[in-house]
file model01.csv (CSV, C-alpha atoms and all ligand atoms)
chain,number,residue,atom,x,y,z
A,1,MET,CA,-131.0,18.9,-56.1
A,2,GLY,CA,-129.3,20.4,-53.2
A,3,LYS,CA,-128.5,20.6,-49.5
A,4,ASP,CA,-125.8,18.0,-49.1
A,5,VAL,CA,-122.4,17.8,-47.4
A,6,ILE,CA,-119.5,17.0,-49.8
A,7,ILE,CA,-116.3,15.6,-48.2
A,8,ALA,CA,-113.1,17.0,-49.8
A,9,CYS,CA,-111.0,13.8,-50.2
A,10,ASP,CA,-107.7,15.7,-50.3
A,11,PHE,CA,-105.6,12.5,-50.1
A,12,LYS,CA,-102.5,11.7,-52.1
A,13,SER,CA,-103.4,8.1,-53.1
A,14,GLY,CA,-106.4,6.0,-53.9
A,15,ARG,CA,-105.4,3.6,-51.1
A,16,GLU,CA,-105.6,6.4,-48.5
A,17,THR,CA,-108.9,7.5,-49.9
A,18,LEU,CA,-110.5,4.0,-49.9
A,19,ASP,CA,-109.2,3.4,-46.3
A,20,PHE,CA,-110.7,6.6,-45.2
A,21,LEU,CA,-114.1,5.9,-46.8
A,22,SER,CA,-114.2,2.4,-45.5
A,23,LYS,CA,-114.8,3.9,-42.0
A,24,PHE,CA,-118.2,4.9,-43.2
A,25,GLY,CA,-119.4,1.3,-43.6
A,26,GLY,CA,-122.4,1.1,-45.9
A,27,GLU,CA,-122.9,4.9,-45.9
A,28,ARG,CA,-121.9,6.6,-49.2
A,29,PRO,CA,-121.2,10.3,-48.7
A,30,PHE,CA,-120.9,12.8,-51.6
A,31,VAL,CA,-117.1,13.2,-52.2
A,32,LYS,CA,-114.9,15.7,-53.9
A,33,ILE,CA,-111.9,14.5,-55.9
A,34,GLY,CA,-109.4,17.3,-56.5
A,35,MET,CA,-106.3,17.6,-58.7
A,36,GLU,CA,-103.9,16.0,-56.4
A,37,LEU,CA,-105.8,12.7,-56.2
A,38,PHE,CA,-106.9,12.7,-59.8
A,39,TYR,CA,-103.4,13.4,-61.1
A,40,ALA,CA,-102.0,10.6,-58.9
A,41,GLU,CA,-104.6,8.0,-59.7
A,42,GLY,CA,-106.4,9.1,-62.9
A,43,PRO,CA,-109.9,8.0,-63.9
A,44,ALA,CA,-109.5,4.7,-62.1
A,45,ILE,CA,-110.2,6.4,-58.7
A,46,VAL,CA,-113.4,8.0,-60.1
A,47,ARG,CA,-114.6,4.7,-61.4
A,48,ALA,CA,-113.8,2.9,-58.1
A,49,LEU,CA,-115.7,5.4,-56.1
A,50,LYS,CA,-118.6,5.5,-58.5
A,51,GLU,CA,-118.8,1.7,-58.4
A,52,ARG,CA,-119.1,1.9,-54.6
A,53,GLY,CA,-122.1,4.3,-55.0
A,54,HIS,CA,-120.6,7.7,-54.1
A,55,LYS,CA,-121.7,10.9,-55.8
A,56,ILE,CA,-118.6,12.7,-57.1
A,57,PHE,CA,-117.7,16.3,-57.5
A,58,LEU,CA,-114.6,16.3,-59.8
A,59,ASP,CA,-112.8,19.5,-58.9
A,60,LEU,CA,-110.3,20.0,-61.8
A,61,LYS,CA,-111.1,23.7,-62.5
A,62,LEU,CA,-110.7,23.6,-66.3
A,63,HIS,CA,-109.5,26.7,-68.1
A,64,ASP,CA,-108.4,26.6,-71.7
A,65,ILE,CA,-109.7,27.5,-75.2
A,66,PRO,CA,-113.4,26.5,-75.8
A,67,ASN,CA,-112.7,23.6,-78.1
A,68,THR,CA,-110.2,21.9,-75.7
A,69,VAL,CA,-112.5,22.4,-72.7
A,70,LYS,CA,-115.5,21.0,-74.7
A,71,LYS,CA,-113.6,17.9,-75.6
A,72,SER,CA,-112.2,17.4,-72.1
A,73,MET,CA,-115.6,17.9,-70.5
A,74,ALA,CA,-117.0,15.1,-72.8
A,75,VAL,CA,-114.4,12.8,-71.4
A,76,LEU,CA,-115.3,13.7,-67.8
A,77,SER,CA,-119.0,13.4,-68.5
A,78,GLY,CA,-118.3,9.8,-69.7
A,79,LEU,CA,-116.9,9.1,-66.2
A,80,ASP,CA,-120.4,9.6,-64.9
A,81,VAL,CA,-119.5,12.2,-62.3
A,82,ASP,CA,-122.2,14.3,-60.7
A,83,MET,CA,-120.5,17.7,-60.6
A,84,VAL,CA,-117.5,19.3,-62.4
A,85,ASN,CA,-116.1,22.8,-62.5
A,86,LEU,CA,-114.1,25.3,-64.5
A,87,HIS,CA,-112.8,28.8,-64.1
A,88,ALA,CA,-115.3,31.5,-65.1
A,89,GLY,CA,-112.2,33.5,-66.1
A,90,GLY,CA,-112.1,31.5,-69.3
A,91,GLY,CA,-115.0,33.5,-70.6
A,92,THR,CA,-118.6,32.8,-71.6
A,93,GLU,CA,-117.8,31.1,-74.9
A,94,MET,CA,-115.6,28.6,-73.0
A,95,MET,CA,-118.4,28.0,-70.5
A,96,ARG,CA,-121.0,27.4,-73.2
A,97,ALA,CA,-118.6,25.0,-75.0
A,98,ALA,CA,-118.0,23.2,-71.7
A,99,LEU,CA,-121.8,22.6,-71.3
A,100,GLU,CA,-122.1,21.2,-74.8
A,101,GLY,CA,-119.2,18.8,-74.2
A,102,LEU,CA,-120.7,17.7,-70.9
A,103,THR,CA,-124.2,16.9,-72.3
A,104,ARG,CA,-124.5,13.2,-72.9
A,105,PRO,CA,-126.3,11.7,-75.9
A,106,ASP,CA,-129.4,11.1,-73.7
A,107,GLY,CA,-129.5,14.8,-72.7
A,108,THR,CA,-128.3,14.3,-69.1
A,109,ARG,CA,-125.1,15.9,-67.8
A,110,PRO,CA,-123.3,16.5,-64.5
A,111,TYR,CA,-123.8,19.9,-62.8
A,112,LEU,CA,-121.3,22.5,-64.1
A,113,ILE,CA,-120.1,24.9,-61.5
A,114,ALA,CA,-117.8,27.9,-62.0
A,115,VAL,CA,-114.9,29.1,-59.8
A,116,THR,CA,-115.1,32.9,-59.8
A,117,ILE,CA,-112.0,34.5,-58.2
A,118,LEU,CA,-109.8,32.1,-56.2
A,119,THR,CA,-109.9,33.0,-52.5
A,120,SER,CA,-106.1,33.2,-52.6
A,121,ILE,CA,-106.4,36.3,-54.8
A,122,SER,CA,-106.6,39.5,-52.8
A,123,GLU,CA,-107.9,42.8,-53.9
A,124,GLU,CA,-104.3,44.0,-54.2
A,125,ILE,CA,-103.2,41.1,-56.4
A,126,LEU,CA,-106.3,41.6,-58.6
A,127,LYS,CA,-105.6,45.3,-59.2
A,128,GLU,CA,-101.8,45.6,-59.1
A,129,GLU,CA,-100.7,42.2,-60.5
A,130,LEU,CA,-103.5,41.2,-62.7
A,131,GLY,CA,-104.6,44.6,-63.8
A,132,VAL,CA,-108.4,44.1,-63.1
A,133,SER,CA,-109.8,47.5,-62.3
A,134,GLY,CA,-113.1,46.5,-60.5
A,135,ALA,CA,-113.4,45.7,-56.8
A,136,LEU,CA,-113.0,42.1,-55.9
A,137,GLN,CA,-116.6,41.6,-54.9
A,138,GLU,CA,-117.8,43.3,-58.0
A,139,THR,CA,-115.6,41.0,-60.1
A,140,VAL,CA,-116.9,37.9,-58.2
A,141,MET,CA,-120.5,38.9,-59.0
A,142,ARG,CA,-119.7,39.7,-62.6
A,143,TYR,CA,-118.2,36.3,-63.1
A,144,ALA,CA,-121.2,34.6,-61.3
A,145,LYS,CA,-123.5,36.5,-63.7
A,146,ASN,CA,-121.5,35.4,-66.7
A,147,ALA,CA,-121.7,31.8,-65.5
A,148,LYS,CA,-125.5,32.1,-65.1
A,149,ALA,CA,-125.7,33.7,-68.6
A,150,ALA,CA,-123.7,30.9,-70.1
A,151,GLY,CA,-126.2,28.4,-68.6
A,152,LEU,CA,-124.1,27.0,-65.8
A,153,ASP,CA,-125.7,25.6,-62.7
A,154,GLY,CA,-123.9,27.6,-60.0
A,155,VAL,CA,-120.6,28.8,-58.5
A,156,VAL,CA,-118.1,27.8,-55.9
A,157,CYS,CA,-118.0,30.7,-53.4
A,158,SER,CA,-117.6,31.6,-49.8
A,159,PRO,CA,-120.7,31.1,-47.7
A,160,ARG,CA,-120.5,34.8,-47.1
A,161,GLU,CA,-121.2,35.4,-50.8
A,162,ALA,CA,-124.0,32.9,-51.1
A,163,GLY,CA,-126.8,35.4,-50.4
A,164,ALA,CA,-125.5,37.9,-52.9
A,165,VAL,CA,-125.1,35.3,-55.5
A,166,HIS,CA,-128.6,34.0,-55.0
A,167,GLY,CA,-129.9,37.6,-55.1
A,168,ALA,CA,-128.1,38.3,-58.5
A,169,CYS,CA,-128.5,34.9,-60.2
A,170,GLY,CA,-131.7,33.4,-58.6
A,171,GLU,CA,-132.4,31.0,-55.8
A,172,SER,CA,-132.0,27.9,-58.0
A,173,PHE,CA,-128.5,28.9,-59.0
A,174,LEU,CA,-126.3,26.7,-56.9
A,175,THR,CA,-123.8,27.9,-54.3
A,176,VAL,CA,-121.2,25.3,-53.4
A,177,THR,CA,-119.3,26.6,-50.4
A,178,PRO,CA,-116.0,25.6,-48.8
A,179,GLY,CA,-114.5,27.4,-45.8
A,180,VAL,CA,-116.7,25.5,-43.3
A,181,ARG,CA,-115.6,24.9,-39.7
A,182,PHE,CA,-117.3,23.8,-36.5
A,183,ALA,CA,-117.9,26.5,-33.9
A,184,ASP,CA,-115.5,24.7,-31.6
A,185,GLY,CA,-113.0,23.6,-34.2
A,186,GLU,CA,-109.7,24.7,-35.6
A,187,VAL,CA,-109.8,27.2,-38.5
A,188,GLY,CA,-106.4,26.3,-40.0
A,189,ASP,CA,-105.5,28.3,-43.2
A,190,GLN,CA,-109.1,29.2,-44.0
A,191,LYS,CA,-109.6,32.9,-43.3
A,192,ARG,CA,-113.3,33.6,-43.5
A,193,VAL,CA,-115.2,30.6,-42.2
A,194,MET,CA,-118.8,29.7,-41.2
A,195,THR,CA,-120.3,26.8,-39.3
A,196,PRO,CA,-122.5,24.3,-41.2
A,197,SER,CA,-125.6,25.7,-39.5
A,198,GLU,CA,-124.6,29.3,-40.5
A,199,ALA,CA,-124.0,28.2,-44.0
A,200,LYS,CA,-127.5,26.7,-44.1
A,201,LYS,CA,-129.0,30.0,-42.8
A,202,VAL,CA,-127.3,32.0,-45.6
A,203,GLY,CA,-128.6,29.6,-48.2
A,204,SER,CA,-125.6,27.6,-49.3
A,205,ASP,CA,-126.7,24.6,-51.4
A,206,TYR,CA,-123.7,22.3,-50.8
A,207,ILE,CA,-121.0,22.7,-48.3
A,208,VAL,CA,-117.5,21.3,-49.1
A,209,VAL,CA,-115.8,20.1,-45.9
A,210,GLY,CA,-112.3,18.7,-45.8
A,211,ARG,CA,-110.1,18.7,-42.7
A,212,PRO,CA,-112.9,19.1,-40.1
A,213,ILE,CA,-113.9,15.6,-41.2
A,214,THR,CA,-110.8,14.0,-42.7
A,215,ALA,CA,-108.5,15.1,-39.9
A,216,SER,CA,-111.0,14.3,-37.1
A,217,ALA,CA,-110.3,11.5,-34.7
A,218,ASP,CA,-113.8,10.3,-35.5
A,219,PRO,CA,-114.5,11.3,-39.2
A,220,VAL,CA,-117.9,9.5,-39.3
A,221,ALA,CA,-119.2,11.4,-36.2
A,222,ALA,CA,-117.8,14.7,-37.7
A,223,TYR,CA,-119.6,14.0,-41.0
A,224,ARG,CA,-122.8,13.2,-39.2
A,225,ARG,CA,-122.5,16.4,-37.2
A,226,CYS,CA,-122.2,18.3,-40.5
A,227,VAL,CA,-125.2,16.6,-42.0
A,228,ARG,CA,-127.2,17.2,-38.8
A,229,GLU,CA,-126.3,20.9,-38.7
A,230,PHE,CA,-126.6,21.6,-42.5
A,231,VAL,CA,-129.2,19.2,-43.8
A,232,ASP,CA,-131.4,17.9,-41.0
A,233,GLN,CA,-131.8,20.8,-38.5
A,234,MET,CA,-135.2,22.6,-39.0
A,235,GLY,CA,-134.4,26.3,-39.6
A,236,GLU,CA,-134.1,28.2,-36.3
A,301,LIG,O1,-109.9,21.2,-45.4
A,301,LIG,P1,-110.9,22.2,-45.9
A,301,LIG,O2,-112.3,22.1,-45.2
A,301,LIG,O3,-110.3,23.6,-45.7
A,301,LIG,O4,-111.0,21.9,-47.4
A,301,LIG,C1,-111.8,22.7,-48.3
A,301,LIG,C2,-111.7,22.2,-49.7
A,301,LIG,O5,-112.3,23.1,-50.5
A,301,LIG,C3,-110.3,22.0,-50.2
A,301,LIG,O6,-110.4,20.9,-51.1
A,301,LIG,C4,-110.0,23.3,-50.9
A,301,LIG,O7,-109.1,23.1,-52.0
A,301,LIG,C5,-111.4,23.6,-51.5
A,301,LIG,N1,-111.6,25.1,-51.8
A,301,LIG,C6,-111.4,26.0,-50.8
A,301,LIG,N2,-111.6,27.4,-51.1
A,301,LIG,C7,-112.0,27.7,-52.4
A,301,LIG,C8,-112.1,26.7,-53.4
A,301,LIG,C9,-111.9,25.4,-53.0
A,301,LIG,O8,-111.1,25.7,-49.7
A,301,LIG,N3,-112.2,29.0,-52.7
call {"tool": "encode", "arguments": {"input": "model01.csv", "output": "structure tokens"}}
result
Amino acid sequence: MGKDVIIACDFKSGRETLDFLSKFGGERPFVKIGMELFYAEGPAIVRALKERGHKIFLDLKLHDIPNTVKKSMAVLSGLDVDMVNLHAGGGTEMMRAALEGLTRPDGTRPYLIAVTILTSISEEILKEELGVSGALQETVMRYAKNAKAAGLDGVVCSPREAGAVHGACGESFLTVTPGVRFADGEVGDQKRVMTPSEAKKVGSDYIVVGRPITASADPVAAYRRCVREFVDQMGE
């Protein structure tokens, strides 16, 4: 388990994705397939990348009644992906049902990770619009603990929350963290960012990196830099 760089393949077609990954030659990075690419290409893109030897985080953020999520997770598990996710807001019964659906007949299953509160939700939206009375950070931690109690493997969170999540849910509970930027890079629309080496220091288990790699003039060099900073560097 753990300590790897996941490239967010936020492309609109399979062609673009395969062209991008062909730059890596024989190297097979861990990749994230999100809704845009999956809805455009369907399971075929997952099979194509799996056949090429990539590990896959299928980022579809399921959220529905337990029975529907359970049956859908069984389909995703059959695609042999390595990591999938759902919204912790669906409740613990839904999360438990998802785990059941994911578990293959031989007892193996992909990692199941919960999204707590989307980073696009502010404290104000949470209170005024959604009527949630607790503070945002408290709600994030409550959802993380629910995910842990339901038997999930971890959460997607900001690297800034990784330490608190590990403190509350244990060191082996995975923190999968987007919002990563190089010290000398552009931040874009991400508000609260960390560099790969900072993310390593605070204990992130996986970093999800999109544009700093995909929009780079040299994506392979950018990926290697992430790996060097996040995986290889001995802790200083
Ligand atoms: O390009 P960038 O590095 O910002 O991409 C980050 C990836 O992580 C995107 O696929 C984005 O949707 C995803 N993500 C995020 N923040 C979250 C959850 C997911 O940036 N809270």
call {"tool": "residues_near_ligand", "arguments": {"input": "model01.csv", "ligand": "ligand LIG 301 (chain A)", "cutoff": "10 Å", "atoms": "only C-alpha atoms and all ligand atoms", "output": "ChimeraX atom specification"}}
result
/A:6-11,32-36,59,61,115-121,156-158,176-181,187-193,207-215
call {"tool": "residues_around", "arguments": {"input": "model01.csv", "residues": "Ser13 in chain A", "least_positions_apart": "4", "cutoff": "12 Å", "atoms": "only C-alpha atoms", "output": "number ranges by chain"}}
result
A: 9, 17-20, 33-42, 44-45
call {"tool": "residues_around", "arguments": {"input": "model01.csv", "residues": "Leu21 in chain A", "least_positions_apart": "5", "cutoff": "10 Å", "atoms": "only C-alpha atoms", "output": "list in words"}}
result
Cys9, Arg15, Glu16, Gly26, Glu27, Arg28, Pro29, Val31, Leu49, His54, Thr214, Pro219 and Val220 of chain A
call {"tool": "atom_distance", "arguments": {"input": "model01.csv", "atom1": "CA of Val140 in chain A", "atom2": "CA of Thr103 in chain A"}}
result
26.3 Å
call {"tool": "atom_distance", "arguments": {"input": "model01.csv", "atom1": "CA of His63 in chain A", "atom2": "CA of Glu129 in chain A"}}
result
19.4 Å
call {"tool": "atom_distance", "arguments": {"input": "model01.csv", "atom1": "CA of Glu123 in chain A", "atom2": "CA of Leu136 in chain A"}}
result
5.5 Å
call {"tool": "decode", "arguments": {"input": "model01.csv", "residues": "range 210-223 of chain A", "atoms": "N, CA, C and O atoms", "output": "mmCIF file, in the first residue's frame"}}
result
data_model
loop_
_atom_site.group_PDB
_atom_site.id
_atom_site.type_symbol
_atom_site.label_atom_id
_atom_site.label_comp_id
_atom_site.auth_asym_id
_atom_site.auth_seq_id
_atom_site.Cartn_x
_atom_site.Cartn_y
_atom_site.Cartn_z
ATOM 1 N N GLY A 210 -2.928 16.685 -11.410
ATOM 2 C CA GLY A 210 -3.439 16.829 -12.771
ATOM 3 C C GLY A 210 -2.584 17.773 -13.581
ATOM 4 O O GLY A 210 -1.514 17.415 -14.090
ATOM 5 N N ARG A 211 -3.025 19.029 -13.672
ATOM 6 C CA ARG A 211 -2.384 19.991 -14.572
ATOM 7 C C ARG A 211 -0.882 20.205 -14.411
ATOM 8 O O ARG A 211 -0.214 20.408 -15.427
ATOM 9 N N PRO A 212 -0.336 20.145 -13.193
ATOM 10 C CA PRO A 212 1.129 20.307 -13.130
ATOM 11 C C PRO A 212 1.858 19.258 -13.976
ATOM 12 O O PRO A 212 2.983 19.483 -14.416
ATOM 13 N N ILE A 213 1.192 18.119 -14.244
ATOM 14 C CA ILE A 213 1.787 17.107 -15.131
ATOM 15 C C ILE A 213 1.173 17.204 -16.530
ATOM 16 O O ILE A 213 1.892 17.339 -17.524
ATOM 17 N N THR A 214 -0.162 17.176 -16.608
ATOM 18 C CA THR A 214 -0.814 17.081 -17.931
ATOM 19 C C THR A 214 -0.609 18.338 -18.784
ATOM 20 O O THR A 214 -0.572 18.252 -20.009
ATOM 21 N N ALA A 215 -0.490 19.504 -18.141
ATOM 22 C CA ALA A 215 -0.324 20.738 -18.915
ATOM 23 C C ALA A 215 1.137 21.162 -19.021
ATOM 24 O O ALA A 215 1.448 22.239 -19.534
ATOM 25 N N SER A 216 2.030 20.306 -18.546
ATOM 26 C CA SER A 216 3.457 20.646 -18.591
ATOM 27 C C SER A 216 4.004 20.442 -20.008
ATOM 28 O O SER A 216 3.542 19.571 -20.748
ATOM 29 N N ALA A 217 5.004 21.227 -20.354
ATOM 30 C CA ALA A 217 5.658 21.052 -21.655
ATOM 31 C C ALA A 217 6.364 19.696 -21.702
ATOM 32 O O ALA A 217 6.521 19.104 -22.764
ATOM 33 N N ASP A 218 6.783 19.208 -20.549
ATOM 34 C CA ASP A 218 7.434 17.902 -20.464
ATOM 35 C C ASP A 218 6.769 17.086 -19.347
ATOM 36 O O ASP A 218 7.259 17.043 -18.212
ATOM 37 N N PRO A 219 5.632 16.441 -19.663
ATOM 38 C CA PRO A 219 4.861 15.731 -18.632
ATOM 39 C C PRO A 219 5.650 14.623 -17.937
ATOM 40 O O PRO A 219 5.477 14.402 -16.742
ATOM 41 N N VAL A 220 6.518 13.953 -18.684
ATOM 42 C CA VAL A 220 7.266 12.845 -18.075
ATOM 43 C C VAL A 220 8.225 13.388 -17.010
ATOM 44 O O VAL A 220 8.321 12.847 -15.905
ATOM 45 N N ALA A 221 8.903 14.505 -17.346
ATOM 46 C CA ALA A 221 9.819 15.115 -16.372
ATOM 47 C C ALA A 221 9.032 15.613 -15.152
ATOM 48 O O ALA A 221 9.486 15.470 -14.008
ATOM 49 N N ALA A 222 7.848 16.187 -15.394
ATOM 50 C CA ALA A 222 7.030 16.692 -14.280
ATOM 51 C C ALA A 222 6.578 15.536 -13.381
ATOM 52 O O ALA A 222 6.598 15.639 -12.150
ATOM 53 N N TYR A 223 6.186 14.420 -14.001
ATOM 54 C CA TYR A 223 5.782 13.236 -13.227
ATOM 55 C C TYR A 223 6.948 12.720 -12.387
ATOM 56 O O TYR A 223 6.822 12.454 -11.198
#
